[in-house]
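Engineer: Mind looking over this structure? Questions follow.
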Amino acid sequence: MRRKVGGCFILLIAISLCCRSALAGRILWDDSHDTDGDELTGNYAAFATLMASAGQTLVELNGSPGAITPQALNGMNAVYLWDTELAFTNSEITALHNFVAAGGGMFVAVGCRHGSADQ
Amino acid sequence: MDLPTSNALLAPYGLSFDESMTAASTVSRFYPHPITAGVNTIETIFGATVGVSGSAIDLTVAGGTSDILAVSAAPYRVVAFGDTNTFTGIAAADNAKLAINIANFTAVPEPSVAGLVIVAIAARFSVRRRKSA
């Protein structure tokens, strides 16, 4: 009886860990190529709340072009490249290609033309 | 937006953004895919259309300015979308559902090592119980 209870307990922990793993992801939100103020605490606050409710953790990457490095991508499950007004550097493109080749997800979204701001 | 380097980034996956600007519209009818599951209609404001080549998949059925969503072929998990404004207006149509589907598709975590170890222990425990029974 004790062994049976122990087996069930272990299985419950395993299922719990696996389910949590299936739901929770870490997403790097690139803000280092944006010039018109797309912020998770600003016009994308509702989006950030939605992602959190879906079990996803958004991590904002600030700075300037060149900020996307293997170190910045380390530990992330996906990267979101959002409304990039500034060009990616060659080293960033290489880092992103390597990230995707290693199983990382990438979402590239554009929103406007010639630098006009998002609505 | 900077299209040249974005397209250089996307080229290996058969995806690209086109200069043609889309107008505000409602996009309906999508090809079946985990990204479009439960998504019937999305609203856009303006952005760019998405082109595909090779094995990449255009997830929209209608052509023209409705070509706004596409995904790479497996095993890669790369998604291109032509209007960020859709995600500032997540309350509209099925925009929120699309956002969640994209997150779930792109941000699939690696299996938990701890979880896998415990599953292995549980399986071994179960086998030993059956042998001793």
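Labeling convention for the structure tokens: chains A, B, ... as they appear, residues from 1 per chain, ligands from 1 in order of appearance.
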Near B:Pro34, counting only C-alpha atoms, which residues have an atom at most 12 Å away, once you skip same-chain residues fewer than 5 positions from it, shown as a PyMOL selection string?
Structural biologist: chain B and resi 39+59+71+77+79+97-106
Engineer: Using only N, CA and C atoms, please write the residues we just selected to a file, as a CSV table (one decimal), in the first residue's frame.
Structural biologist:
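Just written: again-v7.csv:
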```
chain,number,residue,atom,x,y,z
B,39,VAL,N,-9.1,30.5,-34.7
B,39,VAL,CA,-9.1,31.9,-35.2
B,39,VAL,C,-9.9,32.0,-36.5
B,59,LEU,N,-0.6,31.2,-44.3
B,59,LEU,CA,-1.7,30.7,-43.5
B,59,LEU,C,-3.0,31.4,-43.8
B,71,VAL,N,4.2,31.0,-42.0
B,71,VAL,CA,5.0,30.3,-41.1
B,71,VAL,C,6.0,29.5,-41.8
B,77,ARG,N,10.5,27.0,-36.2
B,77,ARG,CA,9.3,27.6,-35.7
B,77,ARG,C,9.4,29.1,-35.8
B,79,VAL,N,7.6,32.6,-37.4
B,79,VAL,CA,6.3,33.1,-37.8
B,79,VAL,C,6.5,34.6,-38.3
B,97,LYS,N,-6.7,35.5,-29.5
B,97,LYS,CA,-6.5,34.0,-29.8
B,97,LYS,C,-5.3,33.8,-30.7
B,98,LEU,N,-5.2,34.6,-31.7
B,98,LEU,CA,-4.0,34.5,-32.6
B,98,LEU,C,-2.7,34.8,-31.8
B,99,ALA,N,-2.7,35.8,-30.9
B,99,ALA,CA,-1.5,36.1,-30.2
B,99,ALA,C,-1.1,34.9,-29.3
B,100,ILE,N,-2.1,34.3,-28.6
B,100,ILE,CA,-1.8,33.2,-27.7
B,100,ILE,C,-1.3,32.0,-28.5
B,101,ASN,N,-1.9,31.7,-29.7
B,101,ASN,CA,-1.5,30.6,-30.5
B,101,ASN,C,-0.1,30.7,-31.0
B,102,ILE,N,0.3,32.0,-31.4
B,102,ILE,CA,1.6,32.2,-31.9
B,102,ILE,C,2.6,32.0,-30.7
B,103,ALA,N,2.3,32.5,-29.5
B,103,ALA,CA,3.2,32.3,-28.4
B,103,ALA,C,3.3,30.8,-28.0
B,104,ASN,N,2.2,30.1,-28.0
B,104,ASN,CA,2.3,28.7,-27.7
B,104,ASN,C,3.1,27.9,-28.8
B,105,PHE,N,3.0,28.4,-30.0
B,105,PHE,CA,3.7,27.7,-31.1
B,105,PHE,C,5.2,28.0,-31.1
B,106,THR,N,5.5,29.3,-30.8
B,106,THR,CA,7.0,29.6,-30.9
B,106,THR,C,7.7,29.4,-29.6
```
Engineer: Restrict the calculation to only C-alpha atoms, then for each residue of stretch 25-120 of chain B with any atom at most 9 Å from an atom of stretch 79-91 of chain A give the closest atom pair and their distance in Å to one decimal, rows by chain and rising residue number, as a tab-separated table.
Structural biologist:
```
residue	atom	partner	partner_atom	distance
B:Asp83	CA	A:Asp83	CA	8.6
B:Thr84	CA	A:Asp83	CA	6.7
B:Thr106	CA	A:Val79	CA	8.3
B:Ala107	CA	A:Val79	CA	8.2
```
Engineer: Would you export the selected residues with C-alpha atoms as a PDB file, in the first residue's frame, please?
Structural biologist:
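What follows is the written file selection33.pdb:
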```
ATOM      1  CA  ASP B  83       0.756  44.208 -38.703  1.00  0.00           C
ATOM      2  CA  THR B  84       1.856  44.769 -35.116  1.00  0.00           C
ATOM      3  CA  THR B 106       6.955  29.648 -30.919  1.00  0.00           C
ATOM      4  CA  ALA B 107       7.755  29.431 -27.206  1.00  0.00           C
TER       5      ALA B 107
END
```
Engineer: May I have all residues of stretch 1-131 of chain B that DSSP, computed from the backbone, assigns to strand (DSSP E), given as a PyMOL selection string?
Structural biologist: chain B and resi 15-18+25-28+41-44+49-52+57-58+69-71+77-81
Engineer: Choose the residue, out of B:Gly47, B:Pro75, B:Gly63, B:Gly38, that has the smallest atom-to-atom separation from chain A; count only C-alpha atoms.
Structural biologist: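 The shortest atom-to-atom distance to chain A comes from B:Gly47.
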Engineer: Which residues, written as a list in words, have at least one atom at most 10 Å from B:Thr65, with only C-alpha atoms counted and residues fewer than 5 positions away on the same chain left out?
Structural biologist: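 So, after excluding close chain neighbours, the residues are Ser20, Met21, Thr22, Ala23, Ala24, Ser25, Val27, Phe46, Gly47, Ala48, Thr49, Val50 and Gly82 of chain B.
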Engineer: Deliver the residues from the most recent selection as a file, using N, CA and C atoms, as a PDB file, in the first residue's frame.
Structural biologist:
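Okay, this is what ended up in result_37.pdb:
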```pdb
ATOM      1  N   SER B  20       4.373  46.549 -50.201  1.00  0.00           N
ATOM      2  CA  SER B  20       2.982  46.981 -50.351  1.00  0.00           C
ATOM      3  C   SER B  20       2.313  47.093 -48.988  1.00  0.00           C
ATOM      4  N   MET B  21       1.743  48.209 -48.714  1.00  0.00           N
ATOM      5  CA  MET B  21       1.109  48.446 -47.431  1.00  0.00           C
ATOM      6  C   MET B  21      -0.335  47.942 -47.464  1.00  0.00           C
ATOM      7  N   THR B  22      -0.742  47.230 -46.435  1.00  0.00           N
ATOM      8  CA  THR B  22      -2.127  46.788 -46.378  1.00  0.00           C
ATOM      9  C   THR B  22      -2.975  47.894 -45.770  1.00  0.00           C
ATOM     10  N   ALA B  23      -4.213  47.915 -46.140  1.00  0.00           N
ATOM     11  CA  ALA B  23      -5.142  48.881 -45.561  1.00  0.00           C
ATOM     12  C   ALA B  23      -5.852  48.226 -44.382  1.00  0.00           C
ATOM     13  N   ALA B  24      -6.505  49.038 -43.576  1.00  0.00           N
ATOM     14  CA  ALA B  24      -7.288  48.493 -42.469  1.00  0.00           C
ATOM     15  C   ALA B  24      -8.303  47.512 -43.020  1.00  0.00           C
ATOM     16  N   SER B  25      -8.340  46.355 -42.436  1.00  0.00           N
ATOM     17  CA  SER B  25      -9.266  45.364 -42.985  1.00  0.00           C
ATOM     18  C   SER B  25      -9.526  44.256 -41.980  1.00  0.00           C
ATOM     19  N   VAL B  27      -9.491  40.186 -41.810  1.00  0.00           N
ATOM     20  CA  VAL B  27      -8.989  39.019 -42.531  1.00  0.00           C
ATOM     21  C   VAL B  27      -9.647  37.776 -41.956  1.00  0.00           C
ATOM     22  N   PHE B  46      -2.725  48.582 -40.515  1.00  0.00           N
ATOM     23  CA  PHE B  46      -1.885  48.654 -41.713  1.00  0.00           C
ATOM     24  C   PHE B  46      -0.537  48.025 -41.411  1.00  0.00           C
ATOM     25  N   GLY B  47       0.155  47.653 -42.442  1.00  0.00           N
ATOM     26  CA  GLY B  47       1.448  47.024 -42.232  1.00  0.00           C
ATOM     27  C   GLY B  47       2.049  46.598 -43.551  1.00  0.00           C
ATOM     28  N   ALA B  48       2.393  45.325 -43.655  1.00  0.00           N
ATOM     29  CA  ALA B  48       2.998  44.817 -44.882  1.00  0.00           C
ATOM     30  C   ALA B  48       2.418  43.443 -45.183  1.00  0.00           C
ATOM     31  N   THR B  49       2.458  43.071 -46.436  1.00  0.00           N
ATOM     32  CA  THR B  49       2.055  41.716 -46.763  1.00  0.00           C
ATOM     33  C   THR B  49       3.263  40.789 -46.620  1.00  0.00           C
ATOM     34  N   VAL B  50       2.962  39.508 -46.442  1.00  0.00           N
ATOM     35  CA  VAL B  50       4.010  38.509 -46.216  1.00  0.00           C
ATOM     36  C   VAL B  50       4.080  37.582 -47.423  1.00  0.00           C
ATOM     37  N   GLY B  82       2.305  40.720 -40.651  1.00  0.00           N
ATOM     38  CA  GLY B  82       2.489  42.029 -41.265  1.00  0.00           C
ATOM     39  C   GLY B  82       1.912  43.215 -40.545  1.00  0.00           C
TER      40      GLY B  82
END
```
Engineer: Excluding same-chain residues fewer than 3 positions from A:Asp38, what lies within 9 Å of it counting only C-alpha atoms, as a CSV table (one decimal) with N, CA and C atoms, in the first residue's frame?
Structural biologist:
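out-v9.csv written:
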```csv
chain,number,residue,atom,x,y,z
A,31,ASP,N,13.3,45.2,-28.0
A,31,ASP,CA,12.9,46.7,-28.1
A,31,ASP,C,14.2,47.5,-28.5
A,34,ASP,N,13.7,49.4,-32.0
A,34,ASP,CA,12.5,50.2,-32.1
A,34,ASP,C,12.8,51.6,-31.8
A,35,THR,N,12.1,52.5,-32.5
A,35,THR,CA,12.4,53.9,-32.3
A,35,THR,C,11.1,54.7,-31.9
A,41,THR,N,5.1,48.2,-21.2
A,41,THR,CA,4.4,48.9,-20.2
A,41,THR,C,3.6,50.0,-20.8
A,42,GLY,N,3.6,50.2,-22.1
A,42,GLY,CA,2.9,51.3,-22.8
A,42,GLY,C,1.8,50.7,-23.7
A,43,ASN,N,2.0,50.9,-25.0
A,43,ASN,CA,0.9,50.5,-25.9
A,43,ASN,C,0.8,49.0,-26.0
A,44,TYR,N,1.7,48.2,-25.5
A,44,TYR,CA,1.6,46.8,-25.5
A,44,TYR,C,1.3,46.2,-24.1
A,82,TRP,N,10.0,43.0,-33.0
A,82,TRP,CA,8.7,43.8,-33.1
A,82,TRP,C,8.9,45.1,-33.7
A,83,ASP,N,8.3,45.3,-34.9
A,83,ASP,CA,8.3,46.6,-35.5
A,83,ASP,C,9.7,47.3,-35.6
A,117,ALA,N,4.6,55.8,-36.8
A,117,ALA,CA,4.3,55.1,-35.6
A,117,ALA,C,3.2,54.1,-35.7
A,118,ASP,N,3.2,53.1,-34.8
A,118,ASP,CA,2.1,52.2,-34.7
A,118,ASP,C,0.9,53.0,-34.2
```
Engineer: I'd like to know which of A:Ile93, A:Ala102, A:Leu40, A:Val108 is closest to A:Ala67, using only C-alpha atoms.
Structural biologist: A:Ile93
